[in-house]
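Asker: For reference, this is entry-v2.cif, and it has mmCIF, C-alpha atoms.
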```
data_query
loop_
_atom_site.label_atom_id
_atom_site.label_comp_id
_atom_site.auth_asym_id
_atom_site.auth_seq_id
_atom_site.Cartn_x
_atom_site.Cartn_y
_atom_site.Cartn_z
CA MET H 208 -167.86 21.44 142.00
CA ALA H 209 -170.49 23.87 143.24
CA SER H 210 -174.14 22.99 142.78
CA ILE H 211 -176.11 24.69 140.03
CA GLU H 212 -177.90 26.78 142.62
CA GLU H 213 -174.61 27.87 144.18
CA THR H 214 -173.25 28.70 140.74
CA LEU H 215 -176.27 30.87 140.00
CA ALA H 216 -176.02 32.61 143.37
CA ALA H 217 -172.38 33.48 142.67
CA THR H 218 -173.13 34.89 139.21
CA ARG H 219 -173.40 38.66 138.98
CA MET H 220 -176.34 38.69 136.59
CA PHE H 221 -178.49 36.64 138.96
CA ARG H 222 -177.66 38.59 142.12
CA ASN H 223 -181.14 40.09 142.40
CA LEU H 224 -183.03 36.78 142.37
CA THR H 225 -184.53 35.64 145.68
CA PRO H 226 -183.41 32.26 147.06
CA GLU H 227 -186.75 30.79 145.95
CA GLN H 228 -186.34 32.17 142.44
CA LEU H 229 -182.75 30.89 142.27
CA SER H 230 -183.91 27.48 143.36
CA GLY H 231 -186.65 27.46 140.73
CA VAL H 232 -184.27 28.45 137.94
CA ALA H 233 -181.63 25.96 139.12
CA ALA H 234 -184.19 23.17 138.90
CA LEU H 235 -184.38 23.81 135.14
CA GLY H 236 -180.62 23.50 134.68
CA GLU H 237 -178.38 20.54 134.01
CA GLU H 238 -174.64 20.10 133.86
CA ALA H 239 -173.14 20.07 130.38
CA GLU H 240 -169.61 19.46 129.14
CA PHE H 241 -168.43 20.35 125.66
CA ALA H 242 -165.39 19.12 123.83
CA ASP H 243 -163.16 21.57 122.00
CA ARG H 244 -164.96 23.19 119.05
CA ALA H 245 -168.34 21.70 119.94
CA LYS H 246 -171.38 23.77 119.06
CA LEU H 247 -173.51 24.82 122.02
CA ILE H 248 -175.87 26.79 119.80
CA VAL H 249 -176.42 26.55 116.04
CA GLU H 250 -177.43 29.63 114.06
CA GLY H 251 -181.00 29.35 112.74
CA GLU H 252 -182.01 26.46 114.95
CA ALA H 253 -184.65 26.62 117.67
CA ALA H 254 -183.41 28.60 120.67
CA ASP H 255 -184.89 26.49 123.42
CA SER H 256 -182.06 26.74 125.90
CA PHE H 257 -179.28 28.98 127.18
CA PHE H 258 -176.03 28.28 128.98
CA LEU H 259 -174.05 29.67 131.87
CA ILE H 260 -170.30 29.10 131.49
CA ARG H 261 -168.76 27.59 134.59
CA GLU H 262 -165.30 26.92 133.26
CA GLY H 263 -164.14 27.56 129.76
CA PHE H 264 -164.39 29.73 126.77
CA VAL H 265 -167.08 30.06 124.09
CA ALA H 266 -166.86 31.92 120.77
CA LEU H 267 -169.92 33.54 119.19
CA GLN H 268 -169.49 33.06 115.48
CA THR H 269 -171.13 33.46 112.14
CA GLU H 270 -170.15 31.75 108.92
CA ALA H 271 -168.76 33.80 106.04
CA PRO H 272 -167.39 32.62 102.69
CA SER H 273 -163.89 33.09 104.12
CA GLY H 274 -164.69 30.93 107.16
CA ALA H 275 -166.11 31.41 110.62
CA ILE H 276 -165.85 34.95 111.99
CA THR H 277 -165.70 35.30 115.75
CA ILE H 278 -167.72 38.26 116.96
CA GLU H 279 -167.09 37.91 120.66
CA THR H 280 -165.79 35.39 123.15
CA LEU H 281 -167.54 34.58 126.40
CA HIS H 282 -165.95 33.39 129.60
CA ASN H 283 -166.55 32.13 133.13
CA GLY H 284 -169.81 33.49 134.52
CA ASP H 285 -171.09 34.68 131.15
CA PRO H 286 -174.48 33.59 129.83
CA VAL H 287 -174.59 32.21 126.30
CA GLY H 288 -177.79 32.77 124.34
CA TRP H 289 -180.72 35.08 124.78
CA SER H 290 -182.79 34.19 121.70
CA TRP H 291 -184.82 31.83 123.92
CA LEU H 292 -186.38 34.97 125.43
CA PHE H 293 -187.58 36.58 122.23
CA GLU H 294 -189.74 35.48 119.33
CA PRO H 295 -189.25 33.74 116.97
CA TYR H 296 -186.95 31.83 119.38
CA LEU H 297 -184.32 31.13 116.76
CA ALA H 298 -180.58 31.33 117.41
CA HIS H 299 -178.91 34.28 115.68
CA PHE H 300 -175.31 33.07 115.92
CA ASP H 301 -173.28 29.92 116.43
CA ALA H 302 -171.73 29.40 119.85
CA ARG H 303 -168.70 27.13 119.76
CA SER H 304 -166.51 25.99 122.65
CA ARG H 305 -162.80 26.74 122.63
CA GLY H 306 -161.23 23.94 124.59
CA VAL H 307 -163.17 21.74 126.96
CA THR H 308 -165.94 23.85 128.44
CA HIS H 309 -168.17 23.20 131.43
CA ALA H 310 -171.52 24.94 131.51
CA VAL H 311 -175.01 24.72 132.89
CA ARG H 312 -177.69 24.25 130.25
CA PHE H 313 -181.08 25.75 131.11
CA ASP H 314 -184.39 24.76 129.58
CA GLY H 315 -185.36 28.11 128.12
CA ALA H 316 -188.79 27.05 126.95
CA ALA H 317 -189.73 25.81 130.42
CA LEU H 318 -188.27 28.94 131.99
CA ARG H 319 -190.36 31.13 129.68
CA GLY H 320 -193.46 29.29 130.82
CA ARG H 321 -192.45 29.75 134.43
CA CYS H 322 -191.89 33.47 133.92
CA THR H 323 -195.38 33.82 132.47
CA HIS H 324 -196.80 32.51 135.71
CA GLU H 325 -194.31 34.28 137.98
CA PRO H 326 -194.07 37.89 136.78
CA GLY H 327 -191.61 38.75 139.56
CA LEU H 328 -189.18 36.12 138.30
CA GLY H 329 -189.86 37.17 134.71
CA TYR H 330 -189.09 40.80 135.52
CA GLU H 331 -185.84 39.99 137.30
CA LEU H 332 -184.68 37.64 134.55
CA MET H 333 -185.56 40.14 131.85
CA ARG H 334 -183.67 42.81 133.80
CA SER H 335 -180.65 40.50 134.14
CA PHE H 336 -180.54 39.65 130.47
CA ALA H 337 -181.20 43.27 129.48
CA SER H 338 -178.10 44.34 131.45
CA VAL H 339 -176.05 41.70 129.61
CA ILE H 340 -177.49 42.86 126.29
CA VAL H 341 -176.60 46.48 127.13
CA GLU H 342 -173.02 45.50 127.99
CA ARG H 343 -172.64 43.60 124.74
CA LEU H 344 -174.26 46.40 122.75
CA ASP H 345 -171.75 48.85 124.25
CA ALA H 346 -168.91 46.48 123.38
CA THR H 347 -170.21 46.07 119.82
CA ARG H 348 -170.48 49.84 119.41
CA LEU H 349 -166.89 50.20 120.54
CA GLN H 350 -165.81 47.53 118.07
CA LEU H 351 -167.72 49.31 115.30
CA LEU H 352 -165.94 52.56 116.13
CA ASP H 353 -162.72 50.79 115.15
CA VAL H 354 -160.85 53.01 117.59
CA TYR H 355 -157.51 51.30 117.01
CA GLY H 356 -157.65 52.25 113.36
CA ALA H 357 -156.92 55.84 114.34
CA THR H 358 -153.39 56.84 115.14
CA VAL H 359 -152.53 57.16 118.78
CA ARG H 360 -149.22 58.81 118.16
CA MET E 208 -134.09 72.61 121.65
CA THR E 209 -131.34 71.38 119.33
CA PRO E 210 -131.74 67.75 118.37
CA ARG E 211 -128.78 65.52 119.08
CA THR E 212 -127.82 63.10 116.40
CA HIS E 213 -128.34 59.40 117.07
CA ARG E 214 -127.71 56.33 115.00
CA VAL E 215 -130.33 53.72 114.18
CA VAL E 216 -128.93 50.41 115.40
CA SER E 217 -131.78 48.20 114.35
CA ARG E 218 -135.34 48.33 113.11
CA ARG E 219 -138.02 45.78 113.93
CA ARG E 220 -141.34 45.54 112.20
CA GLU E 221 -144.18 45.30 114.72
CA THR E 222 -147.16 45.47 112.34
CA ALA E 223 -147.75 46.36 108.70
CA ASP E 224 -147.19 50.07 109.40
CA THR E 225 -145.44 50.20 112.75
CA TRP E 226 -141.74 49.82 113.50
CA THR E 227 -139.59 49.92 116.58
CA LEU E 228 -136.27 51.69 116.12
CA ALA E 229 -133.33 51.12 118.42
CA LEU E 230 -131.12 54.20 118.73
CA GLU E 231 -127.60 54.62 120.06
CA SER E 232 -125.69 57.78 120.72
CA LEU E 233 -122.73 58.81 118.64
CA PRO E 234 -119.23 58.19 120.01
CA GLY E 235 -118.41 60.44 122.94
CA GLN E 236 -122.06 61.21 123.71
CA ARG E 237 -124.45 59.63 126.19
CA LEU E 238 -127.93 58.38 125.53
CA PRO E 239 -130.59 60.50 127.21
CA LEU E 240 -132.30 58.76 130.12
CA PHE E 241 -136.06 58.61 129.61
CA ALA E 242 -138.23 57.69 132.58
CA PRO E 243 -141.24 55.45 131.79
CA GLY E 244 -143.99 57.56 130.25
CA GLN E 245 -141.82 60.35 128.90
CA PHE E 246 -141.63 61.16 125.21
CA GLY E 247 -139.03 62.44 122.79
CA MET E 248 -139.07 64.52 119.63
CA LEU E 249 -137.63 62.43 116.82
CA TYR E 250 -136.30 64.24 113.79
CA ALA E 251 -136.05 62.80 110.29
CA PHE E 252 -133.43 65.07 108.77
CA GLY E 253 -134.79 67.11 105.90
CA VAL E 254 -138.36 66.02 106.56
CA GLY E 255 -139.44 67.09 110.02
CA GLU E 256 -139.94 66.26 113.67
CA VAL E 257 -142.66 64.35 115.54
CA PRO E 258 -143.34 63.36 119.14
CA ILE E 259 -142.57 59.71 119.69
CA SER E 260 -143.35 57.33 122.52
CA VAL E 261 -140.30 55.82 124.06
CA SER E 262 -141.10 52.12 124.18
CA GLY E 263 -137.83 51.00 125.73
CA ALA E 264 -136.25 53.31 128.23
CA SER E 265 -132.54 53.69 127.74
CA THR E 266 -130.12 52.38 130.30
CA ALA E 267 -126.39 52.69 130.38
CA LEU E 268 -126.14 49.49 128.36
CA ASP E 269 -129.26 49.26 126.23
CA PRO E 270 -130.23 51.35 123.24
CA LEU E 271 -133.23 53.63 123.32
CA ARG E 272 -136.29 52.17 121.61
CA CYS E 273 -138.98 54.20 119.92
CA THR E 274 -142.09 52.74 118.33
CA VAL E 275 -143.38 54.65 115.33
CA ARG E 276 -146.47 54.17 113.17
CA ALA E 277 -146.07 55.41 109.61
CA VAL E 278 -148.99 57.78 109.15
CA GLY E 279 -147.44 60.95 107.73
CA SER E 280 -144.34 62.09 105.90
CA VAL E 281 -142.14 62.35 109.00
CA SER E 282 -143.20 59.12 110.67
CA SER E 283 -142.99 57.33 107.31
CA ALA E 284 -139.45 58.63 106.82
CA LEU E 285 -138.53 57.45 110.33
CA CYS E 286 -140.02 54.02 109.68
CA ALA E 287 -138.01 53.79 106.47
CA THR E 288 -134.66 54.35 108.16
CA ALA E 289 -132.13 51.56 107.98
CA PRO E 290 -129.48 50.50 110.49
CA GLY E 291 -126.68 53.02 110.32
CA ASP E 292 -128.92 55.95 109.38
CA LEU E 293 -128.87 59.06 111.53
CA VAL E 294 -131.85 60.74 113.16
CA GLY E 295 -132.23 63.65 115.55
CA LEU E 296 -133.64 63.35 119.04
CA ARG E 297 -134.73 65.87 121.66
CA GLY E 298 -135.89 64.96 125.11
CA PRO E 299 -136.81 63.50 127.50
CA TYR E 300 -139.98 65.53 127.92
CA GLY E 301 -143.11 65.29 129.97
CA SER E 302 -144.39 63.48 133.01
CA THR E 303 -143.96 59.87 134.05
CA TRP E 304 -146.11 56.90 135.03
CA PRO E 305 -146.86 56.85 138.79
CA LEU E 306 -144.63 53.87 139.56
CA ALA E 307 -143.59 55.15 142.99
CA GLU E 308 -147.21 55.80 144.00
CA ALA E 309 -148.14 52.28 142.96
CA VAL E 310 -145.63 50.56 145.27
CA ALA E 311 -147.18 47.99 147.64
CA GLY E 312 -150.40 47.82 145.67
CA ASP E 313 -151.90 46.15 142.62
CA VAL E 314 -151.17 47.65 139.22
CA VAL E 315 -153.53 47.34 136.28
CA ILE E 316 -152.12 48.25 132.87
CA VAL E 317 -154.76 48.88 130.21
CA ALA E 318 -153.41 49.33 126.71
CA GLY E 319 -155.10 49.63 123.35
CA GLY E 320 -153.40 49.36 119.98
CA LEU E 321 -150.26 51.47 119.80
CA GLY E 322 -150.90 52.50 123.40
CA LEU E 323 -148.82 49.57 124.60
CA ALA E 324 -145.67 51.36 123.41
CA PRO E 325 -145.51 54.09 126.08
CA LEU E 326 -146.59 51.57 128.73
CA ARG E 327 -143.86 49.06 127.89
CA PRO E 328 -141.13 50.86 129.90
CA ALA E 329 -143.51 50.94 132.88
CA ILE E 330 -144.03 47.18 132.56
CA HIS E 331 -140.26 46.72 132.38
CA HIS E 332 -139.90 48.75 135.56
CA LEU E 333 -142.61 46.74 137.34
CA LEU E 334 -140.90 43.50 136.37
CA ALA E 335 -137.47 44.79 137.38
CA HIS E 336 -138.87 45.75 140.81
CA ARG E 337 -141.40 42.95 141.02
CA ASN E 338 -141.12 42.48 144.78
CA GLU E 339 -142.27 46.04 145.44
CA TYR E 340 -145.72 45.49 143.95
CA GLU E 341 -148.64 43.16 144.57
CA ARG E 342 -150.52 41.85 141.53
CA VAL E 343 -149.47 43.20 138.16
CA ILE E 344 -152.03 42.83 135.41
CA VAL E 345 -151.69 43.75 131.75
CA CYS E 346 -154.89 44.05 129.69
CA TYR E 347 -154.12 44.61 126.02
CA GLY E 348 -156.67 45.16 123.27
CA GLY E 349 -155.99 45.44 119.57
CA ARG E 350 -157.83 45.64 116.32
CA SER E 351 -156.69 42.19 115.19
CA ALA E 352 -153.96 39.68 115.91
CA ALA E 353 -151.88 41.08 113.06
CA GLU E 354 -151.94 44.55 114.60
CA MET E 355 -150.63 43.76 118.07
CA LEU E 356 -147.29 45.17 119.18
CA PHE E 357 -144.41 43.31 120.82
CA VAL E 358 -145.93 39.87 120.24
CA PRO E 359 -142.82 37.84 121.17
CA GLU E 360 -142.52 39.80 124.40
CA LEU E 361 -146.24 39.43 125.16
CA GLU E 362 -145.80 35.67 124.80
CA GLU E 363 -142.82 35.77 127.13
CA TRP E 364 -144.75 37.82 129.69
CA ARG E 365 -147.66 35.39 129.54
CA GLY E 366 -145.28 32.63 130.55
CA ARG E 367 -144.41 34.33 133.84
CA PHE E 368 -146.07 33.31 137.07
CA ASP E 369 -145.84 36.77 138.59
CA LEU E 370 -147.62 38.67 135.83
CA ASP E 371 -151.17 38.34 134.50
CA VAL E 372 -151.27 39.21 130.81
CA ASP E 373 -154.44 38.95 128.78
CA VAL E 374 -155.07 40.07 125.23
CA ILE E 375 -158.22 40.58 123.23
CA VAL E 376 -158.92 41.62 119.64
CA ASP E 377 -161.83 43.40 118.00
CA VAL E 378 -161.94 41.19 114.94
CA ALA E 379 -160.84 37.60 114.49
CA GLY E 380 -160.93 34.87 111.91
CA SER E 381 -160.67 31.15 112.50
CA ASP E 382 -156.90 31.38 112.97
CA TRP E 383 -157.23 33.32 116.26
CA HIS E 384 -157.84 31.20 119.34
CA GLY E 385 -157.80 33.95 121.93
CA LYS E 386 -160.41 36.33 123.26
CA VAL E 387 -162.52 38.53 120.99
CA GLY E 388 -164.18 41.73 122.15
CA VAL E 389 -163.10 44.99 123.71
CA VAL E 390 -160.38 45.59 126.27
CA THR E 391 -162.92 46.54 128.94
CA LYS E 392 -163.88 42.87 129.03
CA LEU E 393 -160.38 42.04 130.26
CA VAL E 394 -160.70 44.65 133.00
CA GLU E 395 -163.98 43.03 134.07
CA LEU E 396 -162.33 39.61 134.25
CA ALA E 397 -159.13 40.72 136.00
CA ALA E 398 -158.53 39.90 139.67
CA PHE E 399 -157.30 42.90 141.66
CA ASP E 400 -158.09 44.77 144.86
CA PRO E 401 -159.95 47.92 143.79
CA ASP E 402 -159.08 49.72 147.03
CA ASN E 403 -155.38 49.18 146.50
CA THR E 404 -154.98 49.47 142.74
CA ILE E 405 -153.42 52.03 140.48
CA ALA E 406 -154.39 51.79 136.83
CA MET E 407 -152.25 53.07 133.97
CA MET E 408 -154.06 53.41 130.66
CA CYS E 409 -153.02 54.36 127.17
CA GLY E 410 -154.87 54.08 123.89
CA PRO E 411 -157.48 55.87 121.82
CA GLU E 412 -159.45 58.35 123.91
CA VAL E 413 -162.77 56.58 123.33
CA MET E 414 -161.21 53.41 124.69
CA LEU E 415 -159.79 55.30 127.66
CA ARG E 416 -163.21 56.61 128.65
CA PHE E 417 -164.74 53.14 128.56
CA ALA E 418 -161.78 51.57 130.35
CA ALA E 419 -162.03 54.21 133.06
CA LEU E 420 -165.77 53.58 133.38
CA THR E 421 -165.14 49.86 133.84
CA LEU E 422 -162.42 50.48 136.44
CA LEU E 423 -164.70 52.90 138.29
CA THR E 424 -167.49 50.30 138.19
CA ARG E 425 -165.06 47.79 139.67
CA GLY E 426 -164.51 50.25 142.53
CA VAL E 427 -161.17 51.86 141.70
CA ALA E 428 -161.19 55.52 142.77
CA LYS E 429 -160.97 58.05 139.96
CA GLU E 430 -157.84 59.65 141.38
CA ARG E 431 -156.05 56.28 141.10
CA LEU E 432 -156.50 56.15 137.32
CA TYR E 433 -153.74 57.55 135.12
CA THR E 434 -153.63 58.00 131.39
CA SER E 435 -151.14 59.07 128.78
CA MET E 436 -152.62 61.79 126.60
CA GLU E 437 -151.59 61.97 122.98
CA ARG E 438 -151.54 65.37 121.35
CA ASN E 439 -149.76 67.11 118.53
CA MET E 440 -146.63 68.22 120.37
CA HIS E 441 -144.46 70.58 118.33
CA CYS E 442 -142.04 72.48 120.56
CA ALA E 443 -142.31 70.07 123.54
CA ILE E 444 -141.40 72.90 125.94
CA ALA E 445 -144.83 74.51 126.43
CA GLN E 446 -144.21 77.48 124.17
CA CYS E 447 -146.04 76.88 120.90
CA GLY E 448 -149.49 75.90 122.18
CA HIS E 449 -150.09 73.09 119.69
CA CYS E 450 -150.70 70.54 122.42
CA GLN E 451 -152.90 72.74 124.58
CA PHE E 452 -155.63 70.69 126.21
CA GLY E 453 -157.93 72.91 128.25
CA PRO E 454 -155.72 74.61 130.82
CA MET E 455 -152.82 72.20 130.21
CA PHE E 456 -149.98 71.86 127.80
CA ILE E 457 -149.71 68.11 127.28
CA CYS E 458 -145.99 68.34 126.60
CA ARG E 459 -145.47 69.84 130.07
CA GLU E 460 -148.33 68.66 132.32
CA GLY E 461 -148.54 65.38 130.40
CA PRO E 462 -148.42 63.13 128.62
CA VAL E 463 -149.13 61.10 131.78
CA GLN E 464 -151.84 62.70 133.82
CA ARG E 465 -154.44 61.69 136.37
CA TYR E 466 -157.70 60.73 134.72
CA ASP E 467 -159.82 62.99 136.92
CA VAL E 468 -157.72 65.96 135.77
CA VAL E 469 -158.15 65.30 132.04
CA GLU E 470 -161.66 63.82 132.09
CA PRO E 471 -163.60 67.12 131.87
CA TRP E 472 -161.80 67.94 128.64
CA LEU E 473 -162.08 64.58 126.94
CA LYS E 474 -165.52 65.26 125.51
CA VAL E 475 -164.81 68.78 124.31
CA GLN E 476 -164.90 68.66 120.54
CA GLU E 477 -161.85 69.64 118.52
CA LEU E 478 -159.78 70.18 121.67
#
```
Will you turn the file into structure tokens for me?

Answerer:
Amino acid sequence: MASIEETLAATRMFRNLTPEQLSGVAALGEEAEFADRAKLIVEGEAADSFFLIREGFVALQTEAPSGAITIETLHNGDPVGWSWLFEPYLAHFDARSRGVTHAVRFDGAALRGRCTHEPGLGYELMRSFASVIVERLDATRLQLLDVYGATVR
Amino acid sequence: MTPRTHRVVSRRRETADTWTLALESLPGQRLPLFAPGQFGMLYAFGVGEVPISVSGASTALDPLRCTVRAVGSVSSALCATAPGDLVGLRGPYGSTWPLAEAVAGDVVIVAGGLGLAPLRPAIHHLLAHRNEYERVIVCYGGRSAAEMLFVPELEEWRGRFDLDVDVIVDVAGSDWHGKVGVVTKLVELAAFDPDNTIAMMCGPEVMLRFAALTLLTRGVAKERLYTSMERNMHCAIAQCGHCQFGPMFICREGPVQRYDVVEPWLKVQEL
């Protein structure tokens, strides 16, 4: 399996990081494996880490009286969790694995501290996560439009 | 212009409001041959006529299949037909999917909701001539698992080693174990050679625009994107003007058209 640094270098959202920045971020990551239906992130709990999916499938969910509702699924190369970047650093949704999932867990709190002292890294990371947020906002808007509800023919 | 009478052989429920009818010709007559992408005008006697996607192109041996969503009086009457009932049919009309142009390259099919129906004959063609194409990828998005078309066939396709089929739904409960999100996500994940890919898309126009944007971002040239436009065809022979779309009549220049040709008109309101 590729090293954490190699995994980061091959991930689209981290393509603008310098080798030194990649190395610094990789040093804050550790391998993680999740069994089927394990929770990577729990809604309302402290958001002190985020994940990069290496192999597997993660569902972002929220609990409703009728049961868990899946809002989106995330896949290889997708980051899971951005609440670690923004106050009050609390997770907004559950993230649950679907099948055995391999990921890299990053220490978000330590990375925040590092970004404070390395504005260049902080800018690039914020830019990376902002692009992910924009993609997911677009997807959510499309879902809200409920385009399939309208007749095609 | 005169509809020919056909008999409903069978009727299969696809979703709560969508049915696929199998039609056969009456004794002594031949079934019309629809090429993938073409449409027909289906007539519920005494009620009216509507344009219908052919979801299973007729062959000498197989019946013609049309997938209909019950949204108005005519389509509801068609969905309510029973085996043995008679309906009228005109056609084939319109343009076809660019299956010849796609030979020797990758093919990406992007379908949303009922948009899988007019693409299904193209998929059948690709599978029947599998050796002529490189990778064949089907990306299918739907509102929910209960509203997906051709589920048994999708499952069969997913079992093939020479076809990549992925599905995604907008909304899911705990009983759905597949992907959740929009169909553009599947296009992002798909493995194809952008320089040697032809994409065929059908679905709601908003979805088409976003799917095209994702394909363009992946590096597929705009002139290699094709879409099937859905408009209110009435005469189907470019005389009545109901399906006019900018300078085109969709019944004649469409329904399949290159995306760069239709794109300028997609954002014109009430067109």

Asker: Return as a list in words the residues belonging to chain E that are within 8 Å of chain H, counting all atoms listed in the file.

Answerer: Pro258, Ile259, Ser260, Val275, Arg276, Val278, Gly319, Gly320, Leu321, Gly322, Gly349, Arg350, Asp377, Val378, Ala379, Gly380, Ser381, His384, Lys386, Val387, Gly388, Val389, Gly410, Pro411, Val413, Met414, Glu437 and Arg438 of chain E

Asker: If the PyMOL selection byres ((chain E and resi 416) around 12) were run on this exact file, what residues would it hold? Put them as a PDB file with C-alpha atoms, keeping the file's coordinate frame.

Answerer:
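Once written, result28.pdb looks like this:
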```
ATOM      1  CA  LEU H 349    -166.890  50.200 120.540  1.00  0.00           C
ATOM      2  CA  VAL H 354    -160.850  53.010 117.590  1.00  0.00           C
TER       3      VAL H 354
ATOM      4  CA  VAL E 317    -154.760  48.880 130.210  1.00  0.00           C
ATOM      5  CA  GLY E 319    -155.100  49.630 123.350  1.00  0.00           C
ATOM      6  CA  VAL E 390    -160.380  45.590 126.270  1.00  0.00           C
ATOM      7  CA  THR E 391    -162.920  46.540 128.940  1.00  0.00           C
ATOM      8  CA  MET E 408    -154.060  53.410 130.660  1.00  0.00           C
ATOM      9  CA  CYS E 409    -153.020  54.360 127.170  1.00  0.00           C
ATOM     10  CA  GLY E 410    -154.870  54.080 123.890  1.00  0.00           C
ATOM     11  CA  PRO E 411    -157.480  55.870 121.820  1.00  0.00           C
ATOM     12  CA  GLU E 412    -159.450  58.350 123.910  1.00  0.00           C
ATOM     13  CA  VAL E 413    -162.770  56.580 123.330  1.00  0.00           C
ATOM     14  CA  MET E 414    -161.210  53.410 124.690  1.00  0.00           C
ATOM     15  CA  LEU E 415    -159.790  55.300 127.660  1.00  0.00           C
ATOM     16  CA  PHE E 417    -164.740  53.140 128.560  1.00  0.00           C
ATOM     17  CA  ALA E 418    -161.780  51.570 130.350  1.00  0.00           C
ATOM     18  CA  ALA E 419    -162.030  54.210 133.060  1.00  0.00           C
ATOM     19  CA  LEU E 420    -165.770  53.580 133.380  1.00  0.00           C
ATOM     20  CA  THR E 421    -165.140  49.860 133.840  1.00  0.00           C
ATOM     21  CA  LEU E 422    -162.420  50.480 136.440  1.00  0.00           C
ATOM     22  CA  LEU E 423    -164.700  52.900 138.290  1.00  0.00           C
ATOM     23  CA  LYS E 429    -160.970  58.050 139.960  1.00  0.00           C
ATOM     24  CA  LEU E 432    -156.500  56.150 137.320  1.00  0.00           C
ATOM     25  CA  TYR E 433    -153.740  57.550 135.120  1.00  0.00           C
ATOM     26  CA  THR E 434    -153.630  58.000 131.390  1.00  0.00           C
ATOM     27  CA  MET E 436    -152.620  61.790 126.600  1.00  0.00           C
ATOM     28  CA  TYR E 466    -157.700  60.730 134.720  1.00  0.00           C
ATOM     29  CA  ASP E 467    -159.820  62.990 136.920  1.00  0.00           C
ATOM     30  CA  VAL E 469    -158.150  65.300 132.040  1.00  0.00           C
ATOM     31  CA  GLU E 470    -161.660  63.820 132.090  1.00  0.00           C
ATOM     32  CA  PRO E 471    -163.600  67.120 131.870  1.00  0.00           C
ATOM     33  CA  TRP E 472    -161.800  67.940 128.640  1.00  0.00           C
ATOM     34  CA  LEU E 473    -162.080  64.580 126.940  1.00  0.00           C
ATOM     35  CA  LYS E 474    -165.520  65.260 125.510  1.00  0.00           C
TER      36      LYS E 474
END
```

Asker: Can you list, as a list in words, the residues that the PyMOL selection byres ((chain E and resi 230) around 6) selects here?

Answerer: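 For this structure, the PyMOL selection byres ((chain E and resi 230) around 6) resolves to Arg214, Val215, Val216, Ala229, Glu231, Pro270 and Leu271 of chain E.
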
Asker: Could you tell me which of E:Met248, E:Cys286, E:Val358, E:Cys447 comes closest to E:Thr227 if we count only C-alpha atoms?

Answerer: E:Cys286

Asker: Give as JSON, numbers by chain the set of residues within 12 Å of the point (-180.3, 25.2, 116.8), where distances use the file's coordinates and only C-alpha atoms.

Answerer: {"H": [246, 247, 248, 249, 250, 251, 252, 253, 254, 255, 256, 257, 288, 290, 291, 296, 297, 298, 299, 300, 301, 302]}

Asker: Taking the file as I've supplied it (selection: the PyMOL selection byres ((chain H and resi 210) around 12)), which residues are included? Please answer as a list of chain:residue names.

Answerer: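 Listing what the PyMOL selection byres ((chain H and resi 210) around 12) selects in the shown file: H:Met208, H:Ala209, H:Ile211, H:Glu212, H:Glu213, H:Thr214, H:Leu215, H:Ala216, H:Ala217, H:Leu229, H:Ser230, H:Ala233, H:Ala234, H:Gly236, H:Glu237, H:Glu238, H:Arg261, H:Ala310, H:Val311.
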
Asker: Would you pick out the contacts of E:Leu240 at 12 Å or less, using all atoms listed in the file, so that residues sharing its chain but fewer than 4 positions from it are not included, and give the list as a ChimeraX atom specification?

Answerer: /E:231-232,244-247,261,263-272,297-300,328

Asker: Which residue gives the smallest distance to E:Val374 among E:Glu360, E:Val314, E:Tyr347, E:Trp226, with all atoms listed in the file counted?

Answerer: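 Among the listed residues, E:Tyr347 lies closest to E:Val374.
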
Asker: Would you pick out the contacts of E:Thr222 at 7 Å or less, using all atoms listed in the file, so that residues sharing its chain but fewer than 4 positions from it are not included, and give the list as number ranges by chain?

Answerer: E: 353-356

Asker: Given the choices E:Val281, E:Phe252, E:Ser302, E:Arg327, which gets closest to E:Phe456 if the distance is worked out from all atoms listed in the file?

Answerer: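 Of the candidates, the smallest distance to E:Phe456 is held by E:Ser302.
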
Asker: Measuring atom to atom with all atoms listed in the file, identify which of E:Val315, E:Ala223, E:Ala242, E:Ile330 is nearest to E:Thr404.

Answerer: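 Among the listed residues, the smallest separation from E:Thr404 belongs to E:Val315.
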
Asker: Please indicate the distance in Å from atom CA of E:Pro305 to atom CA of E:Pro401, rounded to one decimal place.

Answerer: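 Taking atom CA of E:Pro305 as the start and atom CA of E:Pro401 as the end point, the length is 16.6 Å.
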
Asker: Pick out the closest residue to E:Asn338 from this set: E:Ala311, E:Leu233, E:Val372, E:Leu361. Count only C-alpha atoms.

Answerer: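 Going through E:Ala311, E:Leu233, E:Val372, E:Leu361 one by one, the smallest distance to E:Asn338 is for E:Ala311.
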
Asker: Using only C-alpha atoms, which of H:Pro286, H:Gly263, H:Pro295, H:Pro272 sits nearest H:His309?

Answerer: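 Closest candidate: H:Gly263.
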
Asker: Which residues are close to E:Asp402, i.e. within 12 Å by all atoms listed in the file, leaving aside same-chain residues fewer than 3 positions away? Reply as a ChimeraX atom specification.

Answerer: /E:309,312-314,399,405-406,422-423,425-432

Asker: May I ask for the distance between atom CA of E:Leu334 and atom CA of E:Asn403, given in Å to one decimal place?

Answerer: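 That distance, rounded to one decimal, is 18.6 Å.
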
Asker: Expressed in Å to a single decimal, how great is the separation between atom CA of H:Leu224 and atom CA of H:Gly315?

Answerer: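 Atom-to-atom, atom CA of H:Leu224 to atom CA of H:Gly315, that is 16.8 Å.
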